$ cat my_file.csv   # CSV, C-alpha atoms
chain,number,residue,atom,x,y,z
S,35,MET,CA,-16.0,-123.3,224.6
S,36,ARG,CA,-16.4,-122.6,228.3
S,37,GLY,CA,-16.2,-126.3,229.2
S,38,ILE,CA,-13.0,-126.9,227.2
S,39,VAL,CA,-11.4,-123.7,228.6
S,40,LEU,CA,-12.2,-124.8,232.2
S,41,ALA,CA,-10.9,-128.3,231.6
S,42,VAL,CA,-7.6,-127.1,230.0
S,43,LEU,CA,-6.9,-124.5,232.7
S,44,LEU,CA,-7.5,-127.1,235.4
S,45,VAL,CA,-5.1,-129.5,233.6
S,46,LEU,CA,-2.5,-126.7,233.3
S,47,ALA,CA,-3.0,-125.9,237.0
S,48,GLY,CA,-2.1,-129.4,237.9
S,49,ALA,CA,0.9,-129.6,235.6
S,50,THR,CA,4.1,-130.4,237.5
S,51,SER,CA,6.6,-129.7,234.7
S,52,ALA,CA,8.9,-126.7,234.7
S,53,ILE,CA,7.4,-123.6,233.4
S,54,SER,CA,9.4,-121.8,230.7
S,55,ALA,CA,9.2,-118.1,230.1
S,56,ALA,CA,6.4,-117.1,227.8
S,57,PRO,CA,5.8,-114.0,225.7
S,58,ASP,CA,2.5,-112.5,226.7
S,59,ALA,CA,-0.1,-111.0,224.3
S,60,ALA,CA,1.5,-107.6,224.5
S,61,SER,CA,4.7,-109.0,223.1
S,62,TYR,CA,3.0,-109.4,219.7
S,63,PRO,CA,2.2,-106.5,217.3
S,64,THR,CA,-1.1,-108.0,216.3
S,65,ALA,CA,-3.4,-110.9,217.2
S,66,ALA,CA,-2.6,-112.5,213.8
S,67,ALA,CA,1.1,-112.4,214.6
S,68,ALA,CA,0.5,-114.1,218.0
S,69,LEU,CA,-1.7,-116.8,216.3
S,70,ALA,CA,1.0,-117.4,213.6
S,71,SER,CA,3.8,-117.6,216.1
S,72,LEU,CA,1.9,-120.0,218.4
S,73,ARG,CA,0.8,-122.2,215.6
S,74,ALA,CA,4.5,-122.6,214.6
S,75,LYS,CA,5.6,-123.4,218.1
S,76,PRO,CA,6.4,-127.1,218.6
S,77,GLY,CA,4.4,-128.9,221.3
S,78,VAL,CA,1.3,-126.7,221.4
S,79,LYS,CA,-2.2,-128.2,221.0
S,80,THR,CA,-4.7,-126.3,218.8
S,81,SER,CA,-8.4,-126.8,218.7
S,82,ILE,CA,-11.5,-125.0,217.4
S,83,GLN,CA,-14.5,-124.7,219.8
S,84,SER,CA,-17.6,-122.8,218.7
S,85,GLY,CA,-15.5,-121.0,216.1
S,86,TRP,CA,-12.8,-119.9,218.6
S,87,THR,CA,-9.2,-121.0,218.1
S,88,LEU,CA,-7.8,-122.3,221.3
S,89,ILE,CA,-4.1,-123.0,221.7
S,90,GLU,CA,-2.8,-124.8,224.8
S,91,ASP,CA,0.9,-124.2,225.5
S,92,ALA,CA,1.7,-126.6,228.4
S,93,ALA,CA,5.4,-125.4,228.4
S,94,THR,CA,4.2,-122.0,229.6
S,95,LEU,CA,1.0,-123.1,231.3
S,96,SER,CA,-0.9,-120.8,228.9
S,97,LEU,CA,-4.2,-121.1,227.2
S,98,TRP,CA,-4.6,-118.7,224.3
S,99,SER,CA,-8.1,-117.9,222.8
S,100,PHE,CA,-8.7,-116.2,219.5
S,101,PRO,CA,-12.3,-115.2,218.6
S,102,PRO,CA,-13.8,-116.0,215.2
S,103,THR,CA,-14.0,-113.4,212.4
S,104,GLY,CA,-17.7,-112.6,213.1
S,105,HIS,CA,-17.1,-111.8,216.8
S,106,PRO,CA,-17.3,-108.1,217.8
S,107,ALA,CA,-13.9,-108.2,219.4
S,108,TYR,CA,-12.1,-109.7,216.4
S,109,PRO,CA,-9.2,-109.6,215.9
S,110,ALA,CA,-8.0,-110.4,219.5
S,111,ALA,CA,-5.8,-112.7,221.5
S,112,VAL,CA,-6.5,-113.6,225.1
S,113,GLN,CA,-3.7,-115.3,227.0
S,114,ARG,CA,-4.4,-116.9,230.4
S,115,ARG,CA,-1.7,-118.4,232.5
S,116,VAL,CA,-1.9,-120.4,235.7
S,117,VAL,CA,0.7,-118.9,238.1
S,118,GLN,CA,1.8,-119.9,241.6
S,119,GLU,CA,1.7,-117.0,244.0
S,120,GLY,CA,2.8,-118.2,247.5
S,121,SER,CA,0.5,-121.2,248.3
S,122,GLU,CA,-2.2,-120.2,245.7
S,123,LEU,CA,-2.7,-120.8,242.0
S,124,VAL,CA,-3.9,-117.6,240.3
S,125,ILE,CA,-4.9,-116.9,236.7
S,126,ARG,CA,-3.0,-114.1,234.9
S,127,MET,CA,-4.6,-112.7,231.8
S,128,ASN,CA,-3.2,-110.6,229.0
S,129,VAL,CA,-5.3,-109.3,226.1
S,130,LEU,CA,-4.4,-107.9,222.7
S,131,CYS,CA,-7.6,-106.6,221.2
S,132,GLU,CA,-7.7,-104.6,217.9
S,133,ALA,CA,-11.5,-104.0,217.9
S,134,SER,CA,-13.4,-101.0,219.4
S,135,LYS,CA,-12.9,-100.2,223.0
S,136,ALA,CA,-16.5,-101.3,223.8
S,137,ALA,CA,-16.0,-104.7,222.1
S,138,CYS,CA,-12.6,-105.2,223.8
S,139,ASP,CA,-14.0,-104.2,227.2
S,140,ALA,CA,-16.9,-106.7,226.7
S,141,LEU,CA,-14.3,-109.4,225.8
S,142,VAL,CA,-12.3,-108.8,228.9
S,143,ALA,CA,-15.5,-108.9,231.1
S,144,ASP,CA,-16.6,-112.2,229.5
S,145,PHE,CA,-13.2,-113.7,230.3
S,146,GLU,CA,-13.2,-112.4,233.8
S,147,VAL,CA,-16.4,-114.3,234.4
S,148,LEU,CA,-14.8,-117.5,233.0
S,149,ASN,CA,-11.7,-116.9,235.2
S,150,GLY,CA,-13.9,-116.6,238.2
S,151,ARG,CA,-15.5,-120.0,237.4
S,152,VAL,CA,-12.0,-121.5,237.0
S,153,ARG,CA,-10.8,-120.0,240.3
S,154,LYS,CA,-13.8,-121.6,242.1
S,155,GLU,CA,-13.0,-125.0,240.5
S,156,MET,CA,-9.3,-124.7,241.5
S,157,GLN,CA,-10.3,-124.1,245.1
S,158,ARG,CA,-12.3,-127.4,245.3
$ encode --input "my_file.csv" --output "structure tokens"
Amino acid sequence: MRGIVLAVLLVLAGATSAISAAPDAASYPTAAAALASLRAKPGVKTSIQSGWTLIEDAATLSLWSFPPTGHPAYPAAVQRRVVQEGSELVIRMNVLCEASKAACDALVADFEVLNGRVRKEMQR
């Protein structure tokens, strides 16, 4: 999953199309509601990588990640967006996690590591 996430975020970072407003993970009552809404949205690309459902929304420069049912943080939705701040591209992350606090904290920590790798790649 890490390779596909890195590739998609780097592609999104290089996108030159206008960015439309995007609801973030907190806009949905549940991870299942976020997943259903995104799957119904025209123009998104959905894939499964190592059991994770990944949804690329190029219109909002967002990559959504949903863990598989056996994952400790299930159900959860992690949204990452590439955002221009001044002259820099940064990754903004929103998380909706319905599991235990410990599982959700571990999920966030794992994604922070991934985000760090993406930031390094974007600086090259």
$ residues_around --input "my_file.csv" --residues "His105 (chain S)" --least-positions-apart "4" --cutoff "12 Å" --atoms "all atoms listed in the file" --output "PDB file with C-alpha atoms, keeping the file's coordinate frame"
ATOM      1  CA  SER S  84     -17.600-122.800 218.700  1.00  0.00           C
ATOM      2  CA  GLY S  85     -15.500-121.000 216.100  1.00  0.00           C
ATOM      3  CA  TRP S  86     -12.800-119.900 218.600  1.00  0.00           C
ATOM      4  CA  PHE S 100      -8.700-116.200 219.500  1.00  0.00           C
ATOM      5  CA  PRO S 101     -12.300-115.200 218.600  1.00  0.00           C
ATOM      6  CA  PRO S 109      -9.200-109.600 215.900  1.00  0.00           C
ATOM      7  CA  ALA S 110      -8.000-110.400 219.500  1.00  0.00           C
ATOM      8  CA  CYS S 131      -7.600-106.600 221.200  1.00  0.00           C
ATOM      9  CA  GLU S 132      -7.700-104.600 217.900  1.00  0.00           C
ATOM     10  CA  ALA S 133     -11.500-104.000 217.900  1.00  0.00           C
ATOM     11  CA  SER S 134     -13.400-101.000 219.400  1.00  0.00           C
ATOM     12  CA  ALA S 137     -16.000-104.700 222.100  1.00  0.00           C
ATOM     13  CA  CYS S 138     -12.600-105.200 223.800  1.00  0.00           C
ATOM     14  CA  ALA S 140     -16.900-106.700 226.700  1.00  0.00           C
ATOM     15  CA  LEU S 141     -14.300-109.400 225.800  1.00  0.00           C
TER      16      LEU S 141
END
$ atom_distance --input "my_file.csv" --atom1 "CA of Val112 (chain S)" --atom2 "CA of Met127 (chain S)"
7.0 Å
$ atom_distance --input "my_file.csv" --atom1 "CA of Arg151 (chain S)" --atom2 "CA of Tyr108 (chain S)"
23.6 Å
$ residues_around --input "my_file.csv" --residues "Trp98 (chain S)" --least-positions-apart "6" --cutoff "6 Å" --atoms "only C-alpha atoms" --output "mmCIF file with C-alpha atoms, keeping the file's coordinate frame"
data_model
loop_
_atom_site.group_PDB
_atom_site.id
_atom_site.type_symbol
_atom_site.label_atom_id
_atom_site.label_comp_id
_atom_site.auth_asym_id
_atom_site.auth_seq_id
_atom_site.Cartn_x
_atom_site.Cartn_y
_atom_site.Cartn_z
ATOM 1 C CA LEU S 88 -7.800 -122.300 221.300
ATOM 2 C CA ILE S 89 -4.100 -123.000 221.700
ATOM 3 C CA VAL S 112 -6.500 -113.600 225.100
ATOM 4 C CA GLN S 113 -3.700 -115.300 227.000
#
$ atom_distance --input "my_file.csv" --atom1 "CA of Asp58 (chain S)" --atom2 "CA of Val129 (chain S)"
8.5 Å
$ residues_near_point --input "my_file.csv" --point "(-3.6, -113.0, 218.3)" --cutoff "8 Å" --atoms "only C-alpha atoms" --output "JSON, numbers by chain"
{"S": [59, 62, 64, 65, 66, 67, 68, 69, 70, 100, 109, 110, 111, 112, 130]}
$ residues_around --input "my_file.csv" --residues "Gly150 (chain S)" --least-positions-apart "4" --cutoff "12 Å" --atoms "only C-alpha atoms" --output "VMD selection string"
chain S and resid 36 40 43 124 to 127 143 to 146 154 to 157
$ closest_residue --input "my_file.csv" --among "S:Arg114, S:Ser61, S:Thr103, S:Leu148" --to "Asp91 (chain S)" --atoms "all atoms listed in the file"
S:Arg114
$ decode --input "my_file.csv" --residues "chain S" --atoms "C-alpha atoms" --output "short mmCIF file (atom, residue, chain, number, x, y, z; two decimals), in the first residue's frame"
data_model
loop_
_atom_site.label_atom_id
_atom_site.label_comp_id
_atom_site.auth_asym_id
_atom_site.auth_seq_id
_atom_site.Cartn_x
_atom_site.Cartn_y
_atom_site.Cartn_z
CA MET S 35 0.00 0.00 0.00
CA ARG S 36 2.79 2.45 0.83
CA GLY S 37 4.09 2.52 -2.75
CA ILE S 38 0.69 3.28 -4.26
CA VAL S 39 -0.02 5.95 -1.63
CA LEU S 40 3.27 7.68 -2.33
CA ALA S 41 2.71 7.54 -6.07
CA VAL S 42 -0.82 8.90 -5.89
CA LEU S 43 0.07 11.75 -3.53
CA LEU S 44 2.97 12.74 -5.75
CA VAL S 45 0.70 12.72 -8.80
CA LEU S 46 -1.86 14.80 -6.93
CA ALA S 47 0.86 17.21 -5.85
CA GLY S 48 1.77 17.78 -9.48
CA ALA S 49 -1.82 18.31 -10.61
CA THR S 50 -2.47 21.68 -12.17
CA SER S 51 -6.26 21.61 -12.36
CA ALA S 52 -8.40 23.80 -10.14
CA ILE S 53 -9.07 22.35 -6.71
CA SER S 54 -12.69 22.18 -5.67
CA ALA S 55 -13.80 22.36 -2.06
CA ALA S 56 -13.79 18.98 -0.37
CA PRO S 57 -15.62 17.73 2.65
CA ASP S 58 -13.10 16.38 5.11
CA ALA S 59 -13.35 13.21 7.15
CA ALA S 60 -15.03 15.07 10.01
CA SER S 61 -17.88 16.02 7.66
CA TYR S 62 -19.15 12.44 7.68
CA PRO S 63 -20.93 10.78 10.60
CA THR S 64 -19.13 7.46 10.07
CA ALA S 65 -16.33 5.96 8.02
CA ALA S 66 -18.94 3.88 6.19
CA ALA S 67 -20.82 7.06 5.22
CA ALA S 68 -17.61 8.61 3.89
CA LEU S 69 -16.85 5.48 1.87
CA ALA S 70 -20.36 5.30 0.40
CA SER S 71 -20.37 8.99 -0.51
CA LEU S 72 -16.96 8.83 -2.15
CA ARG S 73 -17.79 5.67 -4.10
CA ALA S 74 -20.86 7.45 -5.50
CA LYS S 75 -18.88 10.53 -6.55
CA PRO S 76 -18.19 10.77 -10.30
CA GLY S 77 -14.56 10.87 -11.37
CA VAL S 78 -12.93 9.20 -8.38
CA LYS S 79 -10.60 6.24 -8.76
CA THR S 80 -10.97 3.33 -6.36
CA SER S 81 -8.45 0.57 -5.79
CA ILE S 82 -7.72 -2.12 -3.21
CA GLN S 83 -4.15 -2.45 -1.95
CA SER S 84 -3.28 -5.02 0.74
CA GLY S 85 -6.94 -5.03 1.77
CA TRP S 86 -7.14 -1.25 2.12
CA THR S 87 -9.65 0.66 0.01
CA LEU S 88 -7.98 3.69 -1.55
CA ILE S 89 -10.00 6.42 -3.22
CA GLU S 90 -8.24 9.07 -5.27
CA ASP S 91 -10.25 12.26 -5.73
CA ALA S 92 -8.25 14.38 -8.17
CA ALA S 93 -10.88 17.16 -8.09
CA THR S 94 -9.98 17.86 -4.46
CA LEU S 95 -6.39 16.57 -4.53
CA SER S 96 -7.38 14.04 -1.87
CA LEU S 97 -6.43 10.47 -1.23
CA TRP S 98 -8.74 8.56 1.11
CA SER S 99 -7.67 5.35 2.84
CA PHE S 100 -10.05 2.88 4.51
CA PRO S 101 -8.58 -0.05 6.47
CA PRO S 102 -9.85 -3.61 5.99
CA THR S 103 -12.24 -5.16 8.50
CA GLY S 104 -9.48 -7.08 10.31
CA HIS S 105 -7.40 -3.96 10.99
CA PRO S 106 -7.30 -2.79 14.65
CA ALA S 107 -8.45 0.73 13.64
CA TYR S 108 -11.43 -0.47 11.59
CA PRO S 109 -13.72 1.30 10.86
CA ALA S 110 -11.78 4.41 9.91
CA ALA S 111 -11.30 6.91 7.12
CA VAL S 112 -8.06 8.80 6.54
CA GLN S 113 -8.11 11.73 4.14
CA ARG S 114 -4.91 13.33 2.95
CA ARG S 115 -4.82 16.42 0.77
CA VAL S 116 -1.95 18.15 -0.93
CA VAL S 117 -2.28 21.88 -0.20
CA GLN S 118 -0.23 24.83 -1.40
CA GLU S 119 0.92 27.04 1.48
CA GLY S 120 2.97 29.91 0.16
CA SER S 121 5.66 28.36 -1.98
CA GLU S 122 5.41 24.93 -0.34
CA LEU S 123 3.22 21.89 -0.88
CA VAL S 124 2.06 20.37 2.40
CA ILE S 125 -0.05 17.34 3.30
CA ARG S 126 -3.13 17.94 5.40
CA MET S 127 -4.63 14.90 7.09
CA ASN S 128 -8.10 14.36 8.55
CA VAL S 129 -8.98 11.13 10.35
CA LEU S 130 -12.33 9.65 11.30
CA CYS S 131 -11.66 6.62 13.48
CA GLU S 132 -14.34 4.65 15.30
CA ALA S 133 -12.04 2.13 16.98
CA SER S 134 -10.35 2.33 20.38
CA LYS S 135 -8.22 5.36 21.18
CA ALA S 136 -5.06 3.23 21.16
CA ALA S 137 -5.86 1.79 17.72
CA CYS S 138 -6.74 5.22 16.34
CA ASP S 139 -3.57 6.76 17.76
CA ALA S 140 -1.51 3.99 16.14
CA LEU S 141 -3.28 4.57 12.81
CA VAL S 142 -2.48 8.29 12.93
CA ALA S 143 1.15 7.56 13.84
CA ASP S 144 1.49 5.15 10.90
CA PHE S 145 0.12 7.74 8.49
CA GLU S 146 2.38 10.45 9.89
CA VAL S 147 5.34 8.22 8.98
CA LEU S 148 3.94 7.82 5.45
CA ASN S 149 3.36 11.56 5.20
CA GLY S 150 6.97 12.18 6.20
CA ARG S 151 8.15 9.96 3.36
CA VAL S 152 5.91 11.77 0.89
CA ARG S 153 7.19 15.16 2.09
CA LYS S 154 10.77 14.03 1.48
CA GLU S 155 9.87 12.85 -2.03
CA MET S 156 8.07 16.13 -2.80
CA GLN S 157 11.20 18.09 -1.81
CA ARG S 158 13.35 16.28 -4.39
#
